[in-house]
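J.: Supplied structure: run.csv, CSV, N, CA and C atoms.
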chain,number,residue,atom,x,y,z
A,1,MET,N,11.1,-26.5,23.7
A,1,MET,CA,10.0,-26.4,22.8
A,1,MET,C,10.4,-26.9,21.4
A,2,SER,N,9.6,-27.8,20.9
A,2,SER,CA,10.0,-28.4,19.6
A,2,SER,C,9.8,-27.3,18.5
A,3,ARG,N,10.5,-27.6,17.4
A,3,ARG,CA,10.5,-26.7,16.3
A,3,ARG,C,9.1,-26.5,15.7
A,4,MET,N,8.3,-27.6,15.6
A,4,MET,CA,7.0,-27.5,15.1
A,4,MET,C,6.1,-26.7,16.0
A,5,LEU,N,6.2,-26.9,17.3
A,5,LEU,CA,5.4,-26.1,18.3
A,5,LEU,C,5.8,-24.6,18.2
A,6,ARG,N,7.0,-24.3,18.0
A,6,ARG,CA,7.4,-22.8,17.8
A,6,ARG,C,6.7,-22.3,16.6
A,7,ILE,N,6.8,-23.0,15.5
A,7,ILE,CA,6.2,-22.5,14.3
A,7,ILE,C,4.7,-22.3,14.4
A,8,LEU,N,4.0,-23.3,15.0
A,8,LEU,CA,2.6,-23.2,15.2
A,8,LEU,C,2.2,-22.0,16.2
A,9,VAL,N,3.0,-21.8,17.2
A,9,VAL,CA,2.7,-20.7,18.1
A,9,VAL,C,2.9,-19.4,17.4
A,10,VAL,N,4.0,-19.2,16.7
A,10,VAL,CA,4.2,-18.0,15.9
A,10,VAL,C,3.1,-17.7,15.0
A,11,MET,N,2.7,-18.8,14.2
A,11,MET,CA,1.6,-18.6,13.3
A,11,MET,C,0.3,-18.2,14.0
A,12,ALA,N,0.0,-18.9,15.1
A,12,ALA,CA,-1.3,-18.6,15.8
A,12,ALA,C,-1.3,-17.2,16.4
A,13,ALA,N,-0.2,-16.8,17.0
A,13,ALA,CA,-0.1,-15.5,17.6
A,13,ALA,C,-0.1,-14.4,16.5
A,14,ALA,N,0.6,-14.6,15.4
A,14,ALA,CA,0.6,-13.6,14.4
A,14,ALA,C,-0.8,-13.5,13.7
A,15,MET,N,-1.5,-14.6,13.6
A,15,MET,CA,-2.8,-14.6,13.0
A,15,MET,C,-3.8,-13.8,13.9
A,16,MET,N,-3.6,-13.9,15.2
A,16,MET,CA,-4.5,-13.2,16.1
A,16,MET,C,-4.3,-11.7,16.0
A,17,ILE,N,-3.0,-11.2,15.7
A,17,ILE,CA,-2.8,-9.8,15.8
A,17,ILE,C,-2.7,-9.2,14.4
A,18,SER,N,-2.7,-10.0,13.3
A,18,SER,CA,-2.5,-9.5,12.0
A,18,SER,C,-3.7,-8.7,11.5
A,19,SER,N,-3.5,-7.8,10.6
A,19,SER,CA,-4.6,-7.0,10.1
A,19,SER,C,-5.3,-7.7,8.9
A,20,THR,N,-6.5,-7.3,8.7
A,20,THR,CA,-7.1,-7.9,7.5
A,20,THR,C,-6.5,-7.3,6.2
A,21,ALA,N,-5.7,-6.3,6.4
A,21,ALA,CA,-5.0,-5.7,5.2
A,21,ALA,C,-4.2,-6.7,4.5
A,22,PHE,N,-3.7,-7.7,5.3
A,22,PHE,CA,-2.9,-8.8,4.7
A,22,PHE,C,-3.8,-10.0,4.5
A,23,ALA,N,-4.1,-10.3,3.2
A,23,ALA,CA,-4.9,-11.5,3.0
A,23,ALA,C,-4.2,-12.8,3.5
A,24,THR,N,-4.9,-13.6,4.2
A,24,THR,CA,-4.3,-14.8,4.7
A,24,THR,C,-4.4,-16.0,3.6
A,25,ASP,N,-5.0,-15.7,2.5
A,25,ASP,CA,-5.2,-16.8,1.5
A,25,ASP,C,-3.9,-17.4,1.1
A,26,PRO,N,-2.8,-16.7,0.8
A,26,PRO,CA,-1.6,-17.4,0.4
A,26,PRO,C,-1.1,-18.3,1.6
A,27,LEU,N,-1.3,-17.9,2.8
A,27,LEU,CA,-0.8,-18.6,3.9
A,27,LEU,C,-1.7,-19.9,4.1
A,28,THR,N,-3.0,-19.7,4.0
A,28,THR,CA,-3.9,-20.9,4.1
A,28,THR,C,-3.6,-21.8,2.9
A,29,GLN,N,-3.4,-21.3,1.7
A,29,GLN,CA,-3.1,-22.2,0.6
A,29,GLN,C,-1.8,-22.9,0.7
A,30,THR,N,-0.8,-22.3,1.3
A,30,THR,CA,0.5,-22.9,1.5
A,30,THR,C,0.3,-24.2,2.4
A,31,VAL,N,-0.4,-24.0,3.5
A,31,VAL,CA,-0.6,-25.0,4.5
A,31,VAL,C,-1.5,-26.1,3.9
A,32,THR,N,-2.6,-25.7,3.2
A,32,THR,CA,-3.6,-26.6,2.6
A,32,THR,C,-2.9,-27.5,1.6
A,33,ASP,N,-2.1,-26.9,0.8
A,33,ASP,CA,-1.4,-27.7,-0.3
A,33,ASP,C,-0.3,-28.6,0.4
A,34,GLY,N,0.5,-28.1,1.3
A,34,GLY,CA,1.6,-28.8,1.8
A,34,GLY,C,1.2,-29.9,2.8
A,35,CYS,N,0.0,-29.7,3.5
A,35,CYS,CA,-0.4,-30.6,4.5
A,35,CYS,C,-1.7,-31.3,4.1
A,36,LYS,N,-1.9,-31.4,2.8
A,36,LYS,CA,-3.2,-32.0,2.3
A,36,LYS,C,-3.5,-33.4,2.9
A,37,ALA,N,-2.5,-34.3,2.9
A,37,ALA,CA,-2.7,-35.6,3.4
A,37,ALA,C,-3.0,-35.6,4.9
A,38,GLU,N,-2.2,-34.8,5.6
A,38,GLU,CA,-2.4,-34.7,7.1
A,38,GLU,C,-3.8,-34.1,7.4
A,39,LEU,N,-4.2,-33.1,6.7
A,39,LEU,CA,-5.5,-32.5,6.9
A,39,LEU,C,-6.6,-33.5,6.7
A,40,GLU,N,-6.5,-34.3,5.6
A,40,GLU,CA,-7.5,-35.3,5.3
A,40,GLU,C,-7.5,-36.4,6.3
A,41,ASN,N,-6.3,-36.9,6.7
A,41,ASN,CA,-6.2,-38.0,7.6
A,41,ASN,C,-6.5,-37.7,9.1
A,42,TYR,N,-6.0,-36.6,9.5
A,42,TYR,CA,-6.1,-36.3,11.0
A,42,TYR,C,-7.0,-35.2,11.3
A,43,CYS,N,-7.3,-34.3,10.4
A,43,CYS,CA,-8.1,-33.0,10.8
A,43,CYS,C,-9.3,-32.8,10.0
A,44,LYS,N,-9.8,-33.9,9.3
A,44,LYS,CA,-10.9,-33.8,8.4
A,44,LYS,C,-12.2,-33.2,9.1
A,45,GLY,N,-12.5,-33.6,10.3
A,45,GLY,CA,-13.7,-33.1,11.0
A,45,GLY,C,-13.5,-31.9,11.8
A,46,VAL,N,-12.3,-31.2,11.8
A,46,VAL,CA,-12.1,-30.0,12.5
A,46,VAL,C,-12.7,-28.8,11.9
A,47,THR,N,-13.5,-28.0,12.6
A,47,THR,CA,-14.0,-26.8,12.1
A,47,THR,C,-13.0,-25.7,12.1
A,48,PRO,N,-12.7,-25.2,10.9
A,48,PRO,CA,-11.7,-24.1,10.8
A,48,PRO,C,-12.0,-22.9,11.6
A,49,GLY,N,-11.0,-22.2,12.1
A,49,GLY,CA,-11.2,-21.0,12.9
A,49,GLY,C,-10.6,-21.1,14.3
A,50,GLU,N,-10.2,-20.0,14.8
A,50,GLU,CA,-9.6,-19.9,16.1
A,50,GLU,C,-8.5,-20.8,16.4
A,51,GLY,N,-7.7,-21.1,15.4
A,51,GLY,CA,-6.5,-22.0,15.5
A,51,GLY,C,-6.8,-23.4,15.7
A,52,ARG,N,-8.0,-23.9,15.5
A,52,ARG,CA,-8.3,-25.3,15.7
A,52,ARG,C,-7.6,-26.2,14.7
A,53,VAL,N,-7.4,-25.8,13.4
A,53,VAL,CA,-6.7,-26.7,12.5
A,53,VAL,C,-5.2,-26.7,12.9
A,54,LEU,N,-4.7,-25.6,13.2
A,54,LEU,CA,-3.3,-25.6,13.7
A,54,LEU,C,-3.1,-26.5,14.9
A,55,ALA,N,-4.1,-26.4,15.8
A,55,ALA,CA,-4.0,-27.3,17.0
A,55,ALA,C,-4.1,-28.7,16.7
A,56,CYS,N,-4.9,-29.1,15.7
A,56,CYS,CA,-5.0,-30.4,15.2
A,56,CYS,C,-3.6,-30.9,14.6
A,57,LEU,N,-3.0,-30.1,13.8
A,57,LEU,CA,-1.7,-30.4,13.2
A,57,LEU,C,-0.7,-30.6,14.3
A,58,TYR,N,-0.7,-29.7,15.3
A,58,TYR,CA,0.2,-29.8,16.4
A,58,TYR,C,0.0,-31.1,17.2
A,59,ALA,N,-1.3,-31.5,17.4
A,59,ALA,CA,-1.6,-32.7,18.1
A,59,ALA,C,-1.0,-34.0,17.4
A,60,HIS,N,-0.8,-33.8,16.1
A,60,HIS,CA,-0.3,-34.9,15.3
A,60,HIS,C,1.1,-34.6,14.8
A,61,GLU,N,1.8,-33.8,15.5
A,61,GLU,CA,3.1,-33.3,15.1
A,61,GLU,C,4.1,-34.5,14.7
A,62,ASP,N,4.0,-35.5,15.5
A,62,ASP,CA,4.9,-36.7,15.2
A,62,ASP,C,4.6,-37.4,14.0
A,63,LYS,N,3.5,-37.1,13.3
A,63,LYS,CA,3.1,-37.8,12.1
A,63,LYS,C,3.1,-37.0,10.9
A,64,LEU,N,3.6,-35.7,11.0
A,64,LEU,CA,3.6,-34.8,9.9
A,64,LEU,C,4.7,-35.2,8.9
A,65,SER,N,4.4,-35.1,7.6
A,65,SER,CA,5.5,-35.3,6.6
A,65,SER,C,6.4,-34.1,6.6
A,66,ALA,N,7.6,-34.3,6.0
A,66,ALA,CA,8.5,-33.2,5.8
A,66,ALA,C,7.9,-32.1,4.9
A,67,LYS,N,7.1,-32.5,4.0
A,67,LYS,CA,6.4,-31.5,3.1
A,67,LYS,C,5.5,-30.6,3.9
A,68,CYS,N,4.7,-31.2,4.8
A,68,CYS,CA,3.8,-30.5,5.7
A,68,CYS,C,4.6,-29.6,6.6
A,69,GLU,N,5.6,-30.1,7.2
A,69,GLU,CA,6.5,-29.3,8.1
A,69,GLU,C,7.0,-28.1,7.4
A,70,PHE,N,7.5,-28.3,6.2
A,70,PHE,CA,8.0,-27.2,5.4
A,70,PHE,C,6.9,-26.2,5.1
A,71,ALA,N,5.7,-26.7,4.7
A,71,ALA,CA,4.6,-25.8,4.4
A,71,ALA,C,4.3,-24.9,5.6
A,72,LEU,N,4.3,-25.5,6.8
A,72,LEU,CA,4.0,-24.7,8.1
A,72,LEU,C,5.1,-23.7,8.3
A,73,PHE,N,6.4,-24.1,8.1
A,73,PHE,CA,7.5,-23.2,8.2
A,73,PHE,C,7.4,-22.1,7.2
A,74,ASP,N,7.1,-22.4,6.0
A,74,ASP,CA,7.0,-21.4,4.9
A,74,ASP,C,5.9,-20.4,5.2
A,75,ALA,N,4.7,-20.9,5.7
A,75,ALA,CA,3.6,-20.0,6.0
A,75,ALA,C,4.0,-19.1,7.2
A,76,ALA,N,4.7,-19.7,8.2
A,76,ALA,CA,5.2,-18.8,9.3
A,76,ALA,C,6.1,-17.7,8.8
A,77,VAL,N,7.0,-18.0,7.9
A,77,VAL,CA,7.9,-17.0,7.4
A,77,VAL,C,7.1,-15.9,6.6
A,78,LEU,N,6.2,-16.4,5.8
A,78,LEU,CA,5.3,-15.4,5.1
A,78,LEU,C,4.6,-14.5,6.0
A,79,LEU,N,4.0,-15.1,7.1
A,79,LEU,CA,3.2,-14.4,8.0
A,79,LEU,C,4.1,-13.4,8.8
A,80,ASP,N,5.3,-13.9,9.2
A,80,ASP,CA,6.3,-13.0,9.9
A,80,ASP,C,6.6,-11.8,9.0
A,81,ARG,N,6.8,-12.0,7.7
A,81,ARG,CA,7.1,-10.9,6.8
A,81,ARG,C,5.9,-9.9,6.8
A,82,ALA,N,4.7,-10.4,6.7
A,82,ALA,CA,3.5,-9.6,6.6
A,82,ALA,C,3.4,-8.8,7.9
A,83,VAL,N,3.6,-9.4,9.0
A,83,VAL,CA,3.5,-8.7,10.3
A,83,VAL,C,4.6,-7.6,10.4
A,84,SER,N,5.8,-7.9,9.9
A,84,SER,CA,6.9,-6.9,9.9
A,84,SER,C,6.6,-5.8,9.0
A,85,ALA,N,6.0,-6.0,7.9
A,85,ALA,CA,5.7,-5.0,6.9
A,85,ALA,C,4.6,-4.1,7.6
A,86,LEU,N,3.6,-4.7,8.2
A,86,LEU,CA,2.6,-4.0,8.9
A,86,LEU,C,3.1,-3.1,10.0
A,87,ALA,N,4.0,-3.6,10.8
A,87,ALA,CA,4.7,-2.9,11.8
A,87,ALA,C,5.4,-1.7,11.3
A,88,TYR,N,6.2,-1.9,10.2
A,88,TYR,CA,6.9,-0.8,9.5
A,88,TYR,C,6.0,0.3,9.0
A,89,ALA,N,4.9,-0.1,8.4
A,89,ALA,CA,3.9,0.9,7.9
A,89,ALA,C,3.3,1.6,9.0
A,90,ALA,N,2.9,0.9,10.1
A,90,ALA,CA,2.3,1.6,11.3
A,90,ALA,C,3.3,2.6,11.9
A,91,TYR,N,4.6,2.2,11.9
A,91,TYR,CA,5.6,3.1,12.5
A,91,TYR,C,5.7,4.4,11.6
A,92,GLU,N,5.8,4.2,10.3
A,92,GLU,CA,6.0,5.3,9.4
A,92,GLU,C,4.7,6.2,9.3
A,93,CYS,N,3.6,5.6,9.6
A,93,CYS,CA,2.3,6.4,9.5
A,93,CYS,C,1.8,6.8,10.9
A,94,GLU,N,2.6,6.6,11.9
A,94,GLU,CA,2.2,6.9,13.3
A,94,GLU,C,1.6,8.3,13.4
A,95,ASP,N,2.3,9.3,13.0
A,95,ASP,CA,1.8,10.7,13.1
A,95,ASP,C,0.5,10.9,12.4
A,96,ASP,N,0.4,10.4,11.2
A,96,ASP,CA,-0.8,10.5,10.4
A,96,ASP,C,-2.0,9.8,11.0
A,97,LEU,N,-1.7,8.6,11.6
A,97,LEU,CA,-2.7,7.8,12.3
A,97,LEU,C,-3.3,8.6,13.5
A,98,GLU,N,-2.4,9.2,14.2
A,98,GLU,CA,-2.8,10.0,15.3
A,98,GLU,C,-3.6,11.3,14.9
A,99,LYS,N,-3.1,11.9,13.8
A,99,LYS,CA,-3.7,13.1,13.4
A,99,LYS,C,-5.1,12.9,12.7
A,100,TYR,N,-5.2,11.9,11.9
A,100,TYR,CA,-6.4,11.7,11.1
A,100,TYR,C,-7.3,10.6,11.5
A,101,CYS,N,-6.8,9.6,12.3
A,101,CYS,CA,-7.5,8.4,12.5
A,101,CYS,C,-7.6,8.0,14.0
A,102,ALA,N,-7.3,9.0,14.9
A,102,ALA,CA,-7.3,8.7,16.3
A,102,ALA,C,-8.5,8.1,16.9
A,103,ASP,N,-9.7,8.4,16.3
A,103,ASP,CA,-10.9,7.9,16.8
A,103,ASP,C,-11.4,6.6,16.1
A,104,VAL,N,-10.6,6.1,15.2
A,104,VAL,CA,-11.0,4.9,14.4
A,104,VAL,C,-10.5,3.7,15.2
A,105,PRO,N,-11.5,2.7,15.4
A,105,PRO,CA,-11.1,1.5,16.1
A,105,PRO,C,-10.1,0.6,15.3
A,106,VAL,N,-9.2,0.0,16.0
A,106,VAL,CA,-8.3,-0.9,15.4
A,106,VAL,C,-8.9,-2.2,14.9
A,107,GLY,N,-8.5,-2.7,13.8
A,107,GLY,CA,-9.0,-4.0,13.3
A,107,GLY,C,-9.8,-3.9,12.0
A,108,GLU,N,-9.9,-5.0,11.3
A,108,GLU,CA,-10.7,-5.1,10.1
A,108,GLU,C,-10.4,-4.1,9.0
A,109,GLY,N,-9.1,-3.7,9.0
A,109,GLY,CA,-8.7,-2.8,8.0
A,109,GLY,C,-9.2,-1.3,8.1
A,110,ARG,N,-9.7,-1.0,9.2
A,110,ARG,CA,-10.3,0.4,9.4
A,110,ARG,C,-9.3,1.5,9.4
A,111,LEU,N,-8.1,1.2,10.0
A,111,LEU,CA,-7.1,2.2,10.0
A,111,LEU,C,-6.5,2.5,8.6
A,112,LEU,N,-6.3,1.4,7.8
A,112,LEU,CA,-5.9,1.5,6.4
A,112,LEU,C,-6.9,2.3,5.6
A,113,ASP,N,-8.2,2.0,5.8
A,113,ASP,CA,-9.3,2.7,5.1
A,113,ASP,C,-9.2,4.2,5.5
A,114,CYS,N,-9.0,4.5,6.7
A,114,CYS,CA,-8.9,5.9,7.2
A,114,CYS,C,-7.8,6.6,6.5
A,115,ILE,N,-6.6,6.0,6.5
A,115,ILE,CA,-5.4,6.6,5.8
A,115,ILE,C,-5.7,6.8,4.3
A,116,THR,N,-6.4,5.8,3.7
A,116,THR,CA,-6.7,5.9,2.3
A,116,THR,C,-7.7,7.0,2.0
A,117,LYS,N,-8.6,7.2,2.9
A,117,LYS,CA,-9.6,8.3,2.7
A,117,LYS,C,-8.9,9.7,2.9
A,118,ASN,N,-7.9,9.7,3.6
A,118,ASN,CA,-7.2,11.0,3.9
A,118,ASN,C,-5.8,11.0,3.1
A,119,LYS,N,-5.7,10.3,2.1
A,119,LYS,CA,-4.4,10.2,1.4
A,119,LYS,C,-3.9,11.5,0.8
A,120,LYS,N,-4.8,12.4,0.5
A,120,LYS,CA,-4.3,13.7,0.0
A,120,LYS,C,-3.6,14.6,1.2
A,121,LYS,N,-4.0,14.2,2.4
A,121,LYS,CA,-3.4,15.0,3.5
A,121,LYS,C,-2.3,14.2,4.2
A,122,VAL,N,-2.2,12.9,4.0
A,122,VAL,CA,-1.2,12.0,4.6
A,122,VAL,C,0.2,12.3,4.1
A,123,SER,N,1.2,12.2,5.0
A,123,SER,CA,2.6,12.5,4.7
A,123,SER,C,3.1,11.5,3.6
A,124,LYS,N,4.1,12.0,2.9
A,124,LYS,CA,4.8,11.2,1.8
A,124,LYS,C,5.4,10.0,2.5
A,125,ARG,N,6.0,10.2,3.6
A,125,ARG,CA,6.7,9.1,4.4
A,125,ARG,C,5.7,7.9,4.6
A,126,CYS,N,4.5,8.3,5.0
A,126,CYS,CA,3.5,7.2,5.2
A,126,CYS,C,3.1,6.6,3.9
A,127,LEU,N,2.8,7.4,2.9
A,127,LEU,CA,2.4,6.9,1.6
A,127,LEU,C,3.4,6.0,1.0
A,128,ASP,N,4.7,6.4,1.1
A,128,ASP,CA,5.8,5.6,0.6
A,128,ASP,C,5.9,4.2,1.3
A,129,ALA,N,5.7,4.2,2.6
A,129,ALA,CA,5.7,3.0,3.4
A,129,ALA,C,4.6,2.1,3.0
A,130,LEU,N,3.4,2.6,2.7
A,130,LEU,CA,2.3,1.8,2.3
A,130,LEU,C,2.6,1.2,0.9
A,131,THR,N,3.2,2.0,0.0
A,131,THR,CA,3.5,1.5,-1.3
A,131,THR,C,4.6,0.4,-1.2
A,132,GLU,N,5.6,0.7,-0.4
A,132,GLU,CA,6.7,-0.3,-0.2
A,132,GLU,C,6.3,-1.6,0.3
A,133,THR,N,5.3,-1.6,1.2
A,133,THR,CA,4.8,-2.8,1.8
A,133,THR,C,3.7,-3.5,1.0
A,134,GLY,N,3.2,-2.8,0.0
A,134,GLY,CA,2.1,-3.4,-0.8
A,134,GLY,C,0.7,-3.2,-0.2
A,135,LEU,N,0.6,-2.3,0.8
A,135,LEU,CA,-0.7,-2.0,1.4
A,135,LEU,C,-1.4,-1.0,0.6
A,136,LYS,N,-0.7,-0.3,-0.3
A,136,LYS,CA,-1.4,0.8,-1.1
A,136,LYS,C,-1.6,0.3,-2.5
What is this file in structure tokens?
T.:
Amino acid sequence: MSRMLRILVVMAAAMMISSTAFATDPLTQTVTDGCKAELENYCKGVTPGEGRVLACLYAHEDKLSAKCEFALFDAAVLLDRAVSALAYAAYECEDDLEKYCADVPVGEGRLLDCITKNKKKVSKRCLDALTETGLK
């Protein structure tokens, strides 16, 4: 598997599982800035969403500039860090999530909202993890 394909797969997979607690704007901006020429030349008519722009860039992988490849790599690293931070916070808050938010559906920041609403009852361990990861 080529390096670019691995980067695109990691980004697409992570974007599918990532929480709205992490804004994707810095990631999108990194790719938009770094791949500006490629997006205008090859992907101008692509409707954003559901990985279509990433698929377009992958389809033109052999034509990507070094700047664009770096932007995709950089965005993948940022996203990997965000997913790792989210996993760490979820691990540290596991007991609190079970205790206070068991009936809350996953996604769209609902679990973080639940923890925030219950912050006076939530463990210090959980609150510290949220602070350390920038979620709080």
J.: Ranking A:Cys101, A:Val106, A:Cys93, A:Ala87 by minimum distance to Leu127 of chain A and counting all atoms listed in the file, which one comes first?
T.: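 For Leu127 of chain A, the nearest of the given residues is A:Cys93.
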J.: Of the residues A:Cys126, A:Val53, A:Leu111, A:Leu27, which is the one nearest to Glu94 of chain A, using all atoms listed in the file?
T.: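 Closest to Glu94 of chain A, using all atoms listed in the file: A:Cys126.
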J.: Can you tell me how far atom CA of Gly109 of chain A sits from atom CA of Pro48 of chain A, in Å to one decimal?
T.: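 The value is 21.7 Å.
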J.: Would you please give, as a VMD selection string, all residues of chain A that DSSP assigns to alpha helix (DSSP H) based on the backbone?
T.: chain A and resid 3 to 17 25 to 34 36 to 42 52 to 59 66 to 92 94 to 100 110 to 117 124 to 133
J.: Quote the spacing between atom N of Glu69 of chain A and atom CA of Thr133 of chain A in Å to one decimal place.
T.: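 Between these atoms lies a distance of 27.8 Å.
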J.: What's the separation between atom CA of Leu86 of chain A and atom C of Arg125 of chain A, in Å to one decimal place?
T.: 13.0 Å
